[in-house]
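Printed here is input_28.cif (mmCIF, C-alpha atoms):
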data_model
#
loop_
_atom_site.label_atom_id
_atom_site.label_comp_id
_atom_site.auth_asym_id
_atom_site.auth_seq_id
_atom_site.Cartn_x
_atom_site.Cartn_y
_atom_site.Cartn_z
CA MET B 705 1.23 24.53 24.52
CA SER B 706 4.44 22.63 25.14
CA SER B 707 4.38 18.91 25.86
CA ILE B 708 3.82 17.95 29.50
CA LEU B 709 6.57 15.47 30.34
CA ASN B 710 5.66 14.52 33.92
CA PHE B 711 2.94 14.83 36.53
CA ASN B 712 4.61 17.76 38.28
CA ASP B 713 4.44 19.71 35.03
CA LEU B 714 0.79 18.74 34.74
CA THR B 715 -0.28 19.94 38.16
CA GLY B 716 1.79 23.10 37.83
CA MET B 717 0.15 23.88 34.49
CA LEU B 718 -3.32 23.32 35.91
CA ALA B 719 -2.69 25.76 38.73
CA ARG B 720 -1.33 28.41 36.36
CA THR B 721 -3.57 28.26 33.33
CA HIS B 722 -6.81 26.38 34.05
CA GLY B 723 -9.78 27.61 35.99
CA ARG B 724 -10.96 25.54 38.92
CA LYS B 725 -13.06 22.56 37.87
CA ARG B 726 -16.03 21.52 39.96
CA VAL B 727 -15.82 17.90 41.09
CA ALA B 728 -18.65 15.77 42.48
CA VAL B 729 -17.30 13.09 44.83
CA ALA B 730 -19.50 10.09 45.60
CA SER B 731 -19.04 8.83 49.17
CA PRO B 732 -15.86 10.55 50.41
CA ALA B 733 -15.11 8.58 53.55
CA ASP B 734 -11.45 7.55 53.46
CA SER B 735 -8.03 9.08 54.01
CA HIS B 736 -6.99 8.80 50.34
CA THR B 737 -9.97 10.83 49.16
CA GLU B 738 -9.31 13.34 51.91
CA TYR B 739 -5.74 13.70 50.64
CA VAL B 740 -6.90 14.26 47.05
CA VAL B 741 -9.54 16.82 48.01
CA GLU B 742 -7.26 18.77 50.33
CA ARG B 743 -4.36 18.81 47.89
CA ALA B 744 -6.55 19.92 44.99
CA LEU B 745 -7.97 22.71 47.14
CA ASN B 746 -4.51 23.80 48.29
CA GLU B 747 -3.20 23.83 44.71
CA GLY B 748 -6.26 25.67 43.42
CA ILE B 749 -7.27 23.21 40.71
CA ALA B 750 -10.76 22.21 41.84
CA ASP B 751 -13.82 22.93 43.96
CA PHE B 752 -15.86 20.05 45.37
CA VAL B 753 -19.36 18.82 46.01
CA LEU B 754 -18.96 16.03 48.55
CA VAL B 755 -21.88 13.61 48.57
CA CYS B 756 -21.47 11.78 51.87
CA VAL B 757 -23.22 8.65 53.11
CA GLY B 758 -24.85 9.47 56.41
CA GLU B 759 -23.09 12.06 58.52
CA CYS B 760 -20.03 13.62 56.87
CA ARG B 761 -16.71 12.63 58.45
CA PRO B 762 -15.22 15.41 60.64
CA GLU B 763 -12.19 15.69 58.35
CA PHE B 764 -14.37 16.64 55.38
CA ALA B 765 -16.51 19.00 57.43
CA ALA B 766 -13.27 20.69 58.48
CA LEU B 767 -12.24 21.09 54.84
CA ARG B 768 -15.61 22.69 54.09
CA ASP B 769 -15.06 25.21 56.88
CA ARG B 770 -11.41 25.81 56.01
CA PHE B 771 -12.06 26.34 52.30
CA ALA B 772 -15.28 28.28 52.58
CA GLY B 773 -16.97 28.75 49.22
CA HIS B 774 -14.98 25.95 47.59
CA VAL B 775 -16.53 22.90 49.28
CA THR B 776 -20.20 21.92 49.47
CA VAL B 777 -21.36 18.94 51.50
CA GLU B 778 -24.51 16.92 50.84
CA THR B 779 -25.67 13.74 52.57
CA GLU B 780 -27.51 10.65 51.35
CA PRO B 781 -28.70 7.61 53.34
CA ASP B 782 -26.72 4.92 51.48
CA VAL B 783 -24.02 4.42 48.85
CA ASP B 784 -26.38 3.86 45.94
CA SER B 785 -28.24 7.05 46.75
CA ALA B 786 -24.92 8.89 46.99
CA ALA B 787 -23.88 7.54 43.59
CA ARG B 788 -27.16 8.59 41.99
CA ARG B 789 -26.98 12.05 43.56
CA ALA B 790 -23.39 12.62 42.40
CA VAL B 791 -24.37 11.61 38.85
CA ALA B 792 -27.42 13.88 39.03
CA ILE B 793 -25.20 16.81 40.00
CA VAL B 794 -23.19 16.20 36.83
CA ARG B 795 -26.34 15.91 34.69
CA GLU B 796 -27.63 19.18 36.13
CA GLY B 797 -24.40 20.98 35.20
CA GLY B 798 -23.17 21.27 38.75
CA ALA B 799 -19.88 19.44 38.20
CA ASP B 800 -17.27 19.03 35.44
CA VAL B 801 -15.79 15.79 36.79
CA LEU B 802 -17.22 12.81 38.68
CA MET B 803 -15.02 11.04 41.21
CA LYS B 804 -15.46 7.86 43.23
CA GLY B 805 -14.69 8.05 46.93
CA SER B 806 -14.69 4.96 49.14
CA MET B 807 -17.62 3.09 47.54
CA ASN B 808 -17.16 0.10 45.27
CA THR B 809 -16.82 0.93 41.59
CA ASP B 810 -19.89 -1.17 40.80
CA ASN B 811 -22.09 1.11 42.89
CA LEU B 812 -20.97 4.17 40.99
CA LEU B 813 -21.13 2.51 37.58
CA ARG B 814 -24.74 1.49 38.11
CA ALA B 815 -25.61 5.16 38.38
CA VAL B 816 -23.27 6.23 35.58
CA LEU B 817 -24.68 3.64 33.16
CA ASN B 818 -28.35 4.01 34.08
CA LYS B 819 -30.15 4.31 30.75
CA GLU B 820 -32.55 6.99 31.95
CA HIS B 821 -30.53 9.00 34.45
CA GLY B 822 -26.90 8.12 33.69
CA ILE B 823 -24.14 9.99 31.86
CA LEU B 824 -23.23 7.57 29.05
CA GLU B 825 -25.08 8.72 25.97
CA PRO B 826 -26.60 6.07 23.65
CA GLY B 827 -24.08 4.76 21.13
CA ARG B 828 -21.03 5.93 23.05
CA VAL B 829 -18.29 3.48 24.08
CA LEU B 830 -17.17 3.44 27.70
CA SER B 831 -13.42 2.94 28.04
CA HIS B 832 -10.58 3.51 30.48
CA VAL B 833 -7.51 5.59 29.64
CA THR B 834 -4.36 5.46 31.75
CA VAL B 835 -1.50 7.96 31.80
CA THR B 836 1.76 6.79 33.33
CA GLN B 837 5.07 8.35 34.29
CA ILE B 838 7.77 5.68 34.01
CA PRO B 839 11.19 6.58 35.43
CA ALA B 840 12.99 4.93 32.48
CA TYR B 841 10.91 6.75 29.84
CA GLY B 842 11.38 10.41 29.11
CA LYS B 843 7.75 11.47 28.78
CA LEU B 844 4.24 10.64 29.86
CA LEU B 845 2.75 7.57 28.19
CA VAL B 846 -0.95 7.03 27.50
CA PHE B 847 -2.39 3.53 27.17
CA SER B 848 -5.75 1.82 26.87
CA ASP B 849 -7.80 -0.22 27.71
CA ALA B 850 -6.71 -1.81 30.99
CA ALA B 851 -9.97 -1.84 32.90
CA VAL B 852 -13.24 -1.83 30.94
CA VAL B 853 -13.38 -3.42 27.47
CA PRO B 854 -12.46 -7.14 27.53
CA ARG B 855 -11.83 -7.76 23.82
CA PRO B 856 -12.53 -4.70 21.71
CA THR B 857 -14.50 -4.88 18.50
CA LEU B 858 -13.44 -2.65 15.62
CA ASP B 859 -15.90 0.03 16.70
CA GLN B 860 -14.61 -0.16 20.26
CA PHE B 861 -11.00 0.06 19.08
CA ASP B 862 -11.98 3.10 17.05
CA ALA B 863 -13.37 4.82 20.15
CA ILE B 864 -10.50 3.70 22.39
CA LEU B 865 -7.94 5.08 19.95
CA GLY B 866 -9.82 8.35 19.67
CA TYR B 867 -10.02 8.82 23.44
CA ALA B 868 -6.35 7.98 24.03
CA VAL B 869 -5.15 10.28 21.25
CA GLY B 870 -7.33 13.05 22.64
CA VAL B 871 -5.78 12.72 26.09
CA SER B 872 -2.27 12.71 24.62
CA ARG B 873 -3.04 15.81 22.61
CA ARG B 874 -4.35 17.63 25.67
CA LEU B 875 -1.05 16.80 27.37
CA GLY B 876 0.62 18.92 24.71
CA VAL B 877 1.61 16.26 22.16
CA SER B 878 0.89 17.89 18.81
CA ARG B 879 1.20 14.69 16.75
CA PRO B 880 0.76 11.62 18.97
CA ALA B 881 2.69 8.51 17.96
CA VAL B 882 0.41 5.51 18.48
CA ALA B 883 1.62 1.91 18.73
CA LEU B 884 -0.91 -0.88 18.14
CA VAL B 885 0.37 -3.57 20.48
CA ASN B 886 0.76 -7.25 19.64
CA PHE B 887 3.30 -9.93 20.53
CA THR B 888 4.74 -9.88 16.97
CA GLU B 889 4.76 -7.51 14.02
CA LYS B 890 2.77 -9.88 11.82
CA VAL B 891 -0.87 -9.50 10.79
CA ASN B 892 -2.57 -12.84 11.28
CA GLU B 893 -6.24 -13.74 10.96
CA LYS B 894 -5.83 -16.04 13.97
CA PHE B 895 -5.56 -12.83 15.96
CA PRO B 896 -8.49 -10.69 14.79
CA HIS B 897 -7.22 -7.57 16.53
CA THR B 898 -4.33 -7.44 14.04
CA LEU B 899 -6.89 -7.20 11.22
CA TYR B 900 -8.62 -4.41 13.11
CA TYR B 901 -5.26 -2.68 13.43
CA GLU B 902 -4.97 -2.54 9.64
CA GLU B 903 -8.32 -0.77 9.44
CA LEU B 904 -7.35 1.63 12.23
CA LYS B 905 -4.21 2.58 10.32
CA HIS B 906 -6.29 3.13 7.19
CA ARG B 907 -8.69 5.37 9.09
CA ALA B 908 -5.79 7.29 10.60
CA SER B 909 -4.34 7.86 7.11
CA GLU B 910 -7.67 9.39 6.10
CA GLY B 911 -7.56 11.85 8.98
CA ARG B 912 -10.17 10.29 11.24
CA TYR B 913 -8.11 10.93 14.40
CA GLY B 914 -6.55 14.21 13.37
CA ASP B 915 -2.79 14.67 13.09
CA VAL B 916 -1.44 11.34 14.37
CA CYS B 917 1.02 8.64 13.41
CA VAL B 918 -0.43 5.16 13.94
CA ASP B 919 1.61 2.01 13.36
CA GLY B 920 1.68 -1.66 14.28
CA PRO B 921 1.32 -4.40 15.12
CA MET B 922 4.41 -4.10 17.30
CA ASP B 923 5.42 -5.22 20.75
CA VAL B 924 5.75 -2.88 23.70
CA LYS B 925 9.56 -2.98 23.76
CA THR B 926 9.76 -1.99 20.11
CA ALA B 927 7.29 0.83 20.68
CA LEU B 928 9.27 2.27 23.58
CA ASP B 929 12.89 1.35 22.79
CA ALA B 930 14.49 2.58 19.57
CA GLU B 931 17.37 0.09 19.77
CA SER B 932 14.91 -2.83 19.72
CA GLY B 933 13.33 -1.49 16.56
CA LYS B 934 16.72 -0.97 14.98
CA ILE B 935 17.75 -4.56 15.69
CA LYS B 936 14.51 -5.82 14.17
CA GLY B 937 14.89 -3.59 11.15
CA ILE B 938 11.58 -1.82 11.74
CA ASP B 939 11.52 1.63 10.18
CA SER B 940 8.69 3.63 11.72
CA PRO B 941 8.39 7.07 13.37
CA VAL B 942 6.53 5.34 16.21
CA VAL B 943 9.38 2.96 17.15
CA GLY B 944 11.02 4.04 20.39
CA LYS B 945 8.90 7.18 20.56
CA ALA B 946 5.35 6.04 21.27
CA ASP B 947 3.08 8.48 23.09
CA VAL B 948 0.13 6.06 23.08
CA LEU B 949 -0.15 2.27 23.37
CA ILE B 950 -3.34 0.51 22.30
CA PHE B 951 -3.58 -2.97 23.81
CA PRO B 952 -5.41 -5.87 22.14
CA ASN B 953 -7.37 -6.91 25.23
CA ILE B 954 -7.97 -6.13 28.87
CA GLU B 955 -5.61 -8.86 30.13
CA SER B 956 -2.54 -7.47 28.40
CA GLY B 957 -3.39 -3.88 29.30
CA ASN B 958 -4.03 -4.70 32.94
CA VAL B 959 -0.88 -6.80 33.30
CA PHE B 960 1.14 -3.93 31.80
CA TYR B 961 -0.49 -1.52 34.28
CA LYS B 962 0.20 -3.66 37.34
CA THR B 963 3.73 -4.58 36.26
CA LEU B 964 4.68 -0.93 35.76
CA THR B 965 3.51 0.07 39.21
CA LEU B 966 5.00 -2.92 41.02
CA PHE B 967 8.39 -3.33 39.34
CA ALA B 968 9.13 -0.11 37.45
CA GLY B 969 8.19 2.43 40.12
CA ALA B 970 5.74 4.09 37.75
CA GLU B 971 3.12 6.60 38.81
CA THR B 972 -0.24 6.22 37.10
CA ALA B 973 -3.41 8.19 36.56
CA GLY B 974 -6.60 7.00 34.95
CA MET B 975 -10.19 7.86 34.13
CA LEU B 976 -13.24 6.63 32.29
CA CYS B 977 -13.90 8.20 28.91
CA GLY B 978 -17.01 8.22 26.74
CA THR B 979 -19.23 9.66 29.47
CA THR B 980 -20.44 13.27 29.33
CA VAL B 981 -17.75 14.19 31.86
CA PRO B 982 -14.54 12.37 32.87
CA VAL B 983 -15.06 9.83 35.67
CA VAL B 984 -12.28 9.06 38.15
CA VAL B 985 -12.59 5.51 39.49
CA ALA B 986 -9.15 4.81 40.94
CA SER B 987 -8.56 1.39 42.47
CA ARG B 988 -8.62 1.13 46.25
CA ALA B 989 -5.03 -0.17 46.02
CA ASP B 990 -3.78 2.92 44.16
CA SER B 991 -1.63 5.41 46.04
CA CYS B 992 -2.80 8.83 47.20
CA GLU B 993 -0.61 10.39 44.52
CA SER B 994 -2.07 8.19 41.81
CA LYS B 995 -5.59 9.22 42.79
CA PHE B 996 -4.62 12.89 42.82
CA TYR B 997 -2.97 12.63 39.40
CA SER B 998 -6.10 10.88 38.12
CA LEU B 999 -8.16 13.86 39.18
CA ALA B 1000 -5.65 16.21 37.56
CA ILE B 1001 -5.84 14.28 34.26
CA ALA B 1002 -9.64 14.43 34.41
CA CYS B 1003 -9.51 18.20 34.95
CA VAL B 1004 -7.28 18.60 31.88
CA ASP B 1005 -9.50 16.29 29.83
CA LYS B 1006 -12.52 18.44 30.64
CA GLU B 1007 -10.88 21.20 28.62
CA SER B 1008 -11.95 19.37 25.46
#

When written as structure tokens, how does the structure in this file appear?
Amino acid sequence: MSSILNFNDLTGMLARTHGRKRVAVASPADSHTEYVVERALNEGIADFVLVCVGECRPEFAALRDRFAGHVTVETEPDVDSAARRAVAIVREGGADVLMKGSMNTDNLLRAVLNKEHGILEPGRVLSHVTVTQIPAYGKLLVFSDAAVVPRPTLDQFDAILGYAVGVSRRLGVSRPAVALVNFTEKVNEKFPHTLYYEELKHRASEGRYGDVCVDGPMDVKTALDAESGKIKGIDSPVVGKADVLIFPNIESGNVFYKTLTLFAGAETAGMLCGTTVPVVVASRADSCESKFYSLAIACVDKES
């Protein structure tokens, strides 16, 4: 499999080589979700179980009729019931991907994280992985965590790195180059994440994450711009070529995410990892395209 360099390559590959995934959507009641569902049906990448709150909107009923056999509609009395039902469909093997519609993320996460009926197995780390297409960068970039883990422990960093590398690999990168992000290249006990980075590099050298190249601490510019690394005299196969960025905390990851979309014209896609199936929980402020690409990334991730 050749490396997927942009989102168009991704969706084209899904249509050509992947079977349709079955997606459970909790509370589809907005135009963005309608766009995602209709486009995925038109491009042949997914079938849907739509768990509506109350009576299904006419637009979704029309999609069910138009794409007979590819759309199922169920109804629940309220958003929490819809969230629980969508999660139950996943648990019962009726869906490969879980997707949030118009409900608040908290409503869905309560069902996802329910200890008895949820889809996060004991001992697993829940994390968020983002894939972005930046006009000034020549390939897709994976980064984490910008949405879930505030200040990762070593065990959480271990899981976050594993998830992000896995996504990069499923995008066709045979040996992901991983940059462990910090504001300088120095390891300093005042910043405990830099000590964790040393252990992550040691684990990578022992093969814990498969065939990868992990280096850092380094700043984002050094990781993505070879000239910056050259000026600083940093000799690393990751410099200027990073496929994956691991951020030290949620603030830095989230600021990077929002800055890319606002000022760099980047497209983004994201999902929750660690659950038994990928979970798409796009922000209400994300574009229709971003939400569609998030679903596409989740469909690829389900190949693992």

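Across B:Thr926, B:Thr715, B:Ser987, B:Ser956, the tightest approach to Ile1001 (chain B) is made by B:Thr715 when counting all atoms listed in the file.
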
* Asked: What does the PyMOL selection byres ((chain B and resi 999) around 9) select in this file, as a PyMOL selection string?
  -> chain B and resi 727+740+744+801+803+973-975+983-984+994-998+1000-1004

Residues of region 914-971 of chain B that approach region 885-905 of chain B to 9 Å or less, counting only C-alpha atoms: could you list each one with the shortest pair of atoms and its distance in Å to one decimal, rows by chain and increasing residue number, as a Markdown table?
| residue | atom | partner | partner_atom | distance |
| --- | --- | --- | --- | --- |
| B:Cys917 | CA | B:Lys905 | CA | 8.6 |
| B:Val918 | CA | B:Lys905 | CA | 5.8 |
| B:Asp919 | CA | B:Lys905 | CA | 6.6 |
| B:Gly920 | CA | B:Glu889 | CA | 6.6 |
| B:Pro921 | CA | B:Glu889 | CA | 4.8 |
| B:Met922 | CA | B:Glu889 | CA | 4.7 |
| B:Asp923 | CA | B:Phe887 | CA | 5.2 |
| B:Val924 | CA | B:Val885 | CA | 6.3 |
| B:Ala927 | CA | B:Val885 | CA | 8.2 |
| B:Leu949 | CA | B:Val885 | CA | 6.5 |
| B:Ile950 | CA | B:Val885 | CA | 5.8 |
| B:Phe951 | CA | B:Val885 | CA | 5.2 |
| B:Pro952 | CA | B:His897 | CA | 6.1 |
| B:Asn953 | CA | B:His897 | CA | 8.7 |

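Using all atoms listed in the file, the contacts of region 828-835 of chain B at a cut-off of 7 Å, with sequence neighbours closer than 4 positions omitted, comprise Leu824, Leu844, Leu845, Val846, Phe847, Ser848, Asp849, Ala850, Ala851, Val852, Val853, Gln860, Ala863, Ile864, Ala868, Thr972, Ala973, Gly974, Met975, Leu976, Cys977, Gly978 and Thr979 of chain B.
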
Residue by residue, what does the PyMOL selection byres ((chain B and resi 938-947) around 6) grab here? Present the result as a PDB file with C-alpha atoms, in the frame of the given file.
ATOM      1  CA  LEU B 845       2.750   7.570  28.190  1.00  0.00           C
ATOM      2  CA  PRO B 880       0.760  11.620  18.970  1.00  0.00           C
ATOM      3  CA  ALA B 881       2.690   8.510  17.960  1.00  0.00           C
ATOM      4  CA  VAL B 882       0.410   5.510  18.480  1.00  0.00           C
ATOM      5  CA  THR B 926       9.760  -1.990  20.110  1.00  0.00           C
ATOM      6  CA  ALA B 927       7.290   0.830  20.680  1.00  0.00           C
ATOM      7  CA  LEU B 928       9.270   2.270  23.580  1.00  0.00           C
ATOM      8  CA  ASP B 929      12.890   1.350  22.790  1.00  0.00           C
ATOM      9  CA  ALA B 930      14.490   2.580  19.570  1.00  0.00           C
ATOM     10  CA  GLY B 933      13.330  -1.490  16.560  1.00  0.00           C
ATOM     11  CA  LYS B 936      14.510  -5.820  14.170  1.00  0.00           C
ATOM     12  CA  GLY B 937      14.890  -3.590  11.150  1.00  0.00           C
ATOM     13  CA  VAL B 948       0.130   6.060  23.080  1.00  0.00           C
TER      14      VAL B 948
END

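For the choices B:Ser932, B:Thr779, B:Ser785, B:Asn746, the atom-to-atom distance to Ala815 (chain B) is smallest for B:Ser785 when using all atoms listed in the file.
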
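CA of Asp990 (chain B) is found 25.1 Å from CA of Lys925 (chain B).
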
* Which residue out of B:Leu754, B:Ala799, B:Val816, B:Val916 has the minimum interatomic distance to Arg873 (chain B) when only C-alpha atoms are used? -> B:Val916

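Straight-line separation from CA of Pro732 (chain B) to CA of Leu745 (chain B): 14.9 Å.
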
* Distance of CA of Ala728 (chain B) from CA of Asn710 (chain B), expressed in Å to one decimal place -> 25.8 Å

* Structure fact -> Using all atoms listed in the file, the best pick from B:Gly773, B:Gly957, B:Pro854, B:Pro982 as closest to Val791 (chain B) would be B:Pro982

* **9 Å contact set for region 907-914 of chain B, only C-alpha atoms, chain neighbours under 5 positions out, as a ChimeraX atom specification** => /B:862,865-866,869-870,879,902

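Using only C-alpha atoms, the nearest neighbour of Ile793 (chain B) within the list B:Glu825, B:Ala730, B:Ile749, B:Asn712 is B:Ala730.
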
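Contact shell of Asn808 (chain B) at 10 Å (only C-alpha atoms; same-chain neighbours under 4 positions omitted): B:Ser731, B:Val783, B:Asp784, B:Lys804, B:Leu812, B:Leu813, B:Val985, B:Ser987, B:Arg988.
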
* To do: List the neighbours of Gly723 (chain B) out to 12 Å using only C-alpha atoms; skip same-chain residues closer than 4 positions along the sequence, and give me the result as a PyMOL selection string.
  => chain B and resi 717-719+747-751+800+1003-1004+1006-1007

Who sits within 9 Å of Glu780 (chain B), all atoms listed in the file, same chain under 4 positions skipped, as a PDB file with C-alpha atoms, in the frame of the given file:
ATOM      1  CA  SER B 731     -19.040   8.830  49.170  1.00  0.00           C
ATOM      2  CA  VAL B 755     -21.880  13.610  48.570  1.00  0.00           C
ATOM      3  CA  CYS B 756     -21.470  11.780  51.870  1.00  0.00           C
ATOM      4  CA  VAL B 757     -23.220   8.650  53.110  1.00  0.00           C
ATOM      5  CA  GLY B 758     -24.850   9.470  56.410  1.00  0.00           C
ATOM      6  CA  GLU B 759     -23.090  12.060  58.520  1.00  0.00           C
ATOM      7  CA  ASP B 784     -26.380   3.860  45.940  1.00  0.00           C
ATOM      8  CA  SER B 785     -28.240   7.050  46.750  1.00  0.00           C
ATOM      9  CA  ALA B 786     -24.920   8.890  46.990  1.00  0.00           C
ATOM     10  CA  ARG B 789     -26.980  12.050  43.560  1.00  0.00           C
TER      11      ARG B 789
END

Could you please fill out region 784-793 of chain B with all heavy atoms and send it back as a PDB file, keeping the file's coordinate frame?
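Result file is result-v7.pdb:
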ATOM      1  N   ASP B 784     -25.725   3.762  47.239  1.00  0.00           N
ATOM      2  CA  ASP B 784     -26.380   3.860  45.940  1.00  0.00           C
ATOM      3  C   ASP B 784     -27.058   5.209  45.756  1.00  0.00           C
ATOM      4  O   ASP B 784     -27.032   5.794  44.665  1.00  0.00           O
ATOM      5  CB  ASP B 784     -27.390   2.720  45.766  1.00  0.00           C
ATOM      6  CG  ASP B 784     -26.713   1.372  45.553  1.00  0.00           C
ATOM      7  OD1 ASP B 784     -25.672   1.335  44.857  1.00  0.00           O
ATOM      8  OD2 ASP B 784     -27.199   0.368  46.093  1.00  0.00           O
ATOM      9  N   SER B 785     -27.651   5.713  46.811  1.00  0.00           N
ATOM     10  CA  SER B 785     -28.240   7.050  46.750  1.00  0.00           C
ATOM     11  C   SER B 785     -27.170   8.110  46.524  1.00  0.00           C
ATOM     12  O   SER B 785     -27.376   9.065  45.767  1.00  0.00           O
ATOM     13  CB  SER B 785     -29.017   7.348  48.033  1.00  0.00           C
ATOM     14  OG  SER B 785     -30.091   6.459  48.205  1.00  0.00           O
ATOM     15  N   ALA B 786     -26.030   7.939  47.177  1.00  0.00           N
ATOM     16  CA  ALA B 786     -24.920   8.890  46.990  1.00  0.00           C
ATOM     17  C   ALA B 786     -24.422   8.861  45.551  1.00  0.00           C
ATOM     18  O   ALA B 786     -24.127   9.902  44.963  1.00  0.00           O
ATOM     19  CB  ALA B 786     -23.797   8.568  47.960  1.00  0.00           C
ATOM     20  N   ALA B 787     -24.323   7.663  44.979  1.00  0.00           N
ATOM     21  CA  ALA B 787     -23.880   7.540  43.590  1.00  0.00           C
ATOM     22  C   ALA B 787     -24.868   8.228  42.653  1.00  0.00           C
ATOM     23  O   ALA B 787     -24.471   8.989  41.762  1.00  0.00           O
ATOM     24  CB  ALA B 787     -23.730   6.071  43.217  1.00  0.00           C
ATOM     25  N   ARG B 788     -26.146   7.962  42.854  1.00  0.00           N
ATOM     26  CA  ARG B 788     -27.160   8.590  41.990  1.00  0.00           C
ATOM     27  C   ARG B 788     -27.147  10.099  42.139  1.00  0.00           C
ATOM     28  O   ARG B 788     -27.285  10.837  41.147  1.00  0.00           O
ATOM     29  CB  ARG B 788     -28.546   8.032  42.321  1.00  0.00           C
ATOM     30  CG  ARG B 788     -28.755   6.580  41.891  1.00  0.00           C
ATOM     31  CD  ARG B 788     -30.216   6.195  41.977  1.00  0.00           C
ATOM     32  NE  ARG B 788     -30.717   6.207  43.346  1.00  0.00           N
ATOM     33  CZ  ARG B 788     -30.712   5.155  44.150  1.00  0.00           C
ATOM     34  NH1 ARG B 788     -30.215   3.989  43.733  1.00  0.00           N
ATOM     35  NH2 ARG B 788     -31.202   5.237  45.392  1.00  0.00           N
ATOM     36  N   ARG B 789     -26.996  10.591  43.348  1.00  0.00           N
ATOM     37  CA  ARG B 789     -26.980  12.050  43.560  1.00  0.00           C
ATOM     38  C   ARG B 789     -25.761  12.682  42.903  1.00  0.00           C
ATOM     39  O   ARG B 789     -25.863  13.739  42.269  1.00  0.00           O
ATOM     40  CB  ARG B 789     -27.010  12.357  45.052  1.00  0.00           C
ATOM     41  CG  ARG B 789     -26.925  13.847  45.380  1.00  0.00           C
ATOM     42  CD  ARG B 789     -27.997  14.654  44.697  1.00  0.00           C
ATOM     43  NE  ARG B 789     -27.790  16.092  44.857  1.00  0.00           N
ATOM     44  CZ  ARG B 789     -28.213  17.012  43.992  1.00  0.00           C
ATOM     45  NH1 ARG B 789     -28.876  16.652  42.894  1.00  0.00           N
ATOM     46  NH2 ARG B 789     -27.977  18.291  44.213  1.00  0.00           N
ATOM     47  N   ALA B 790     -24.597  12.060  43.027  1.00  0.00           N
ATOM     48  CA  ALA B 790     -23.390  12.620  42.400  1.00  0.00           C
ATOM     49  C   ALA B 790     -23.544  12.675  40.884  1.00  0.00           C
ATOM     50  O   ALA B 790     -23.158  13.661  40.240  1.00  0.00           O
ATOM     51  CB  ALA B 790     -22.170  11.787  42.795  1.00  0.00           C
ATOM     52  N   VAL B 791     -24.127  11.624  40.299  1.00  0.00           N
ATOM     53  CA  VAL B 791     -24.370  11.610  38.850  1.00  0.00           C
ATOM     54  C   VAL B 791     -25.387  12.684  38.481  1.00  0.00           C
ATOM     55  O   VAL B 791     -25.240  13.380  37.458  1.00  0.00           O
ATOM     56  CB  VAL B 791     -24.830  10.212  38.396  1.00  0.00           C
ATOM     57  CG1 VAL B 791     -25.355  10.254  36.961  1.00  0.00           C
ATOM     58  CG2 VAL B 791     -23.674   9.221  38.506  1.00  0.00           C
ATOM     59  N   ALA B 792     -26.418  12.855  39.305  1.00  0.00           N
ATOM     60  CA  ALA B 792     -27.420  13.880  39.030  1.00  0.00           C
ATOM     61  C   ALA B 792     -26.809  15.281  39.044  1.00  0.00           C
ATOM     62  O   ALA B 792     -27.175  16.143  38.229  1.00  0.00           O
ATOM     63  CB  ALA B 792     -28.552  13.788  40.057  1.00  0.00           C
ATOM     64  N   ILE B 793     -25.878  15.508  39.953  1.00  0.00           N
ATOM     65  CA  ILE B 793     -25.200  16.810  40.000  1.00  0.00           C
ATOM     66  C   ILE B 793     -24.493  17.088  38.675  1.00  0.00           C
ATOM     67  O   ILE B 793     -24.551  18.199  38.136  1.00  0.00           O
ATOM     68  CB  ILE B 793     -24.206  16.857  41.180  1.00  0.00           C
ATOM     69  CG1 ILE B 793     -24.970  16.881  42.507  1.00  0.00           C
ATOM     70  CG2 ILE B 793     -23.271  18.059  41.072  1.00  0.00           C
ATOM     71  CD1 ILE B 793     -24.092  16.642  43.726  1.00  0.00           C
TER      72      ILE B 793
END
